[in-house]
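S.K.: Supplied structure: start-v1.pdb, PDB, C-alpha atoms.
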ATOM      1  CA  MET A   1       2.829  12.817   7.568
ATOM      2  CA  SER A   2       2.930   9.304   8.905
ATOM      3  CA  LEU A   3       0.207   7.708  10.985
ATOM      4  CA  PRO A   4       0.731   6.952  14.679
ATOM      5  CA  ASN A   5       1.860   3.398  15.482
ATOM      6  CA  ASP A   6       0.071   3.130  18.817
ATOM      7  CA  PRO A   7      -3.430   1.677  18.149
ATOM      8  CA  MET A   8      -5.203   4.105  20.521
ATOM      9  CA  MET A   9      -3.418   7.123  19.051
ATOM     10  CA  LEU A  10      -4.154   5.814  15.553
ATOM     11  CA  PHE A  11      -7.833   5.380  16.447
ATOM     12  CA  SER A  12      -8.041   8.930  17.779
ATOM     13  CA  PHE A  13      -6.083  10.451  14.886
ATOM     14  CA  VAL A  14      -8.073   8.688  12.144
ATOM     15  CA  ASN A  15     -11.425   9.558  13.712
ATOM     16  CA  MET A  16     -10.356  13.204  14.077
ATOM     17  CA  LYS A  17      -9.340  13.322  10.396
ATOM     18  CA  LEU A  18     -12.596  11.632   9.351
ATOM     19  CA  ARG A  19     -14.618  14.079  11.427
ATOM     20  CA  ASP A  20     -12.770  17.215  10.349
ATOM     21  CA  ASP A  21     -11.401  16.596   6.857
ATOM     22  CA  TYR A  22     -12.783  13.560   5.034
ATOM     23  CA  ALA A  23     -16.233  12.360   4.007
ATOM     24  CA  SER A  24     -15.164   8.696   3.909
ATOM     25  CA  LEU A  25     -12.406   6.290   4.836
ATOM     26  CA  ASP A  26     -11.685   5.777   1.130
ATOM     27  CA  GLU A  27     -11.115   9.523   0.711
ATOM     28  CA  LEU A  28      -8.790   9.652   3.724
ATOM     29  CA  CYS A  29      -6.749   6.662   2.522
ATOM     30  CA  GLU A  30      -6.456   7.990  -1.012
ATOM     31  CA  ASP A  31      -5.447  11.478   0.071
ATOM     32  CA  MET A  32      -2.988  10.325   2.752
ATOM     33  CA  ASP A  33      -1.633   7.456   0.618
ATOM     34  CA  VAL A  34      -2.579   4.865   3.247
ATOM     35  CA  ASP A  35      -3.375   1.208   2.559
ATOM     36  CA  LYS A  36      -7.015   0.886   3.638
ATOM     37  CA  GLN A  37      -6.789  -2.838   4.355
ATOM     38  CA  GLN A  38      -3.713  -2.456   6.556
ATOM     39  CA  LEU A  39      -5.309   0.426   8.432
ATOM     40  CA  THR A  40      -8.581  -1.398   9.057
ATOM     41  CA  GLU A  41      -6.743  -4.594  10.069
ATOM     42  CA  LYS A  42      -4.541  -2.726  12.554
ATOM     43  CA  LEU A  43      -7.543  -1.038  14.121
ATOM     44  CA  ALA A  44      -9.553  -4.283  14.068
ATOM     45  CA  ALA A  45      -6.753  -5.986  16.004
ATOM     46  CA  ALA A  46      -7.278  -3.326  18.683
ATOM     47  CA  GLY A  47     -11.039  -3.995  18.701
ATOM     48  CA  PHE A  48     -12.254  -1.203  16.424
ATOM     49  CA  GLU A  49     -14.288  -1.426  13.242
ATOM     50  CA  TYR A  50     -15.248   1.191  10.698
ATOM     51  CA  ASN A  51     -18.872   2.293  10.471
ATOM     52  CA  ALA A  52     -19.416   3.924   7.077
ATOM     53  CA  SER A  53     -22.752   5.508   7.956
ATOM     54  CA  ALA A  54     -21.200   7.246  10.976
ATOM     55  CA  ASN A  55     -17.855   7.744   9.150
ATOM     56  CA  LYS A  56     -15.834   6.669  12.170
ATOM     57  CA  PHE A  57     -14.196   3.751  13.881
ATOM     58  CA  TRP A  58     -15.700   2.395  17.085
TER      59      TRP A  58
END
As a first step, turn the structure in this file into structure tokens.
M.R.:
Amino acid sequence: MSLPNDPMMLFSFVNMKLRDDYASLDELCEDMDVDKQQLTEKLAAAGFEYNASANKFW
């Protein structure tokens, strides 16, 4: 499964997966074979940052 390209869809998809399936961003990236730096940079460019204590982007 590939990640959505649209930043808002990506934001929504990643947060849903973090909420429902993964305890951390590291776990999500490892399991889905996603480059964590690329993911965080793409979402940062759209104005979102990861909050580890909340386990979500905002």
S.K.: Expand the PyMOL selection byres ((chain A and resi 29) around 12) into the explicit residue set it covers here, and present it as a PyMOL selection string.
M.R.: chain A and resi 2-3+14+17-18+21-28+30-40
S.K.: Would you place a box with edges along x, y and z of the file around all atoms of stretch 45-49 of chain A listed there, add 5 Å to each of its six sides, and report the centre and edge lengths in Å to one decimal, as AutoDock Vina command-line options?
M.R.:
--center_x -10.5 --center_y -3.6 --center_z 16.0 --size_x 17.5 --size_y 14.8 --size_z 15.5
S.K.: Report as a list in words the full result of the PyMOL selection byres ((chain A and resi 48) around 12) when it is applied to this structure.
M.R.: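 Selected by the PyMOL selection byres ((chain A and resi 48) around 12) in this file: Pro7, Met8, Leu10, Phe11, Ser12, Val14, Asn15, Leu39, Thr40, Glu41, Lys42, Leu43, Ala44, Ala45, Ala46, Gly47, Glu49, Tyr50, Asn51, Lys56, Phe57 and Trp58 of chain A.
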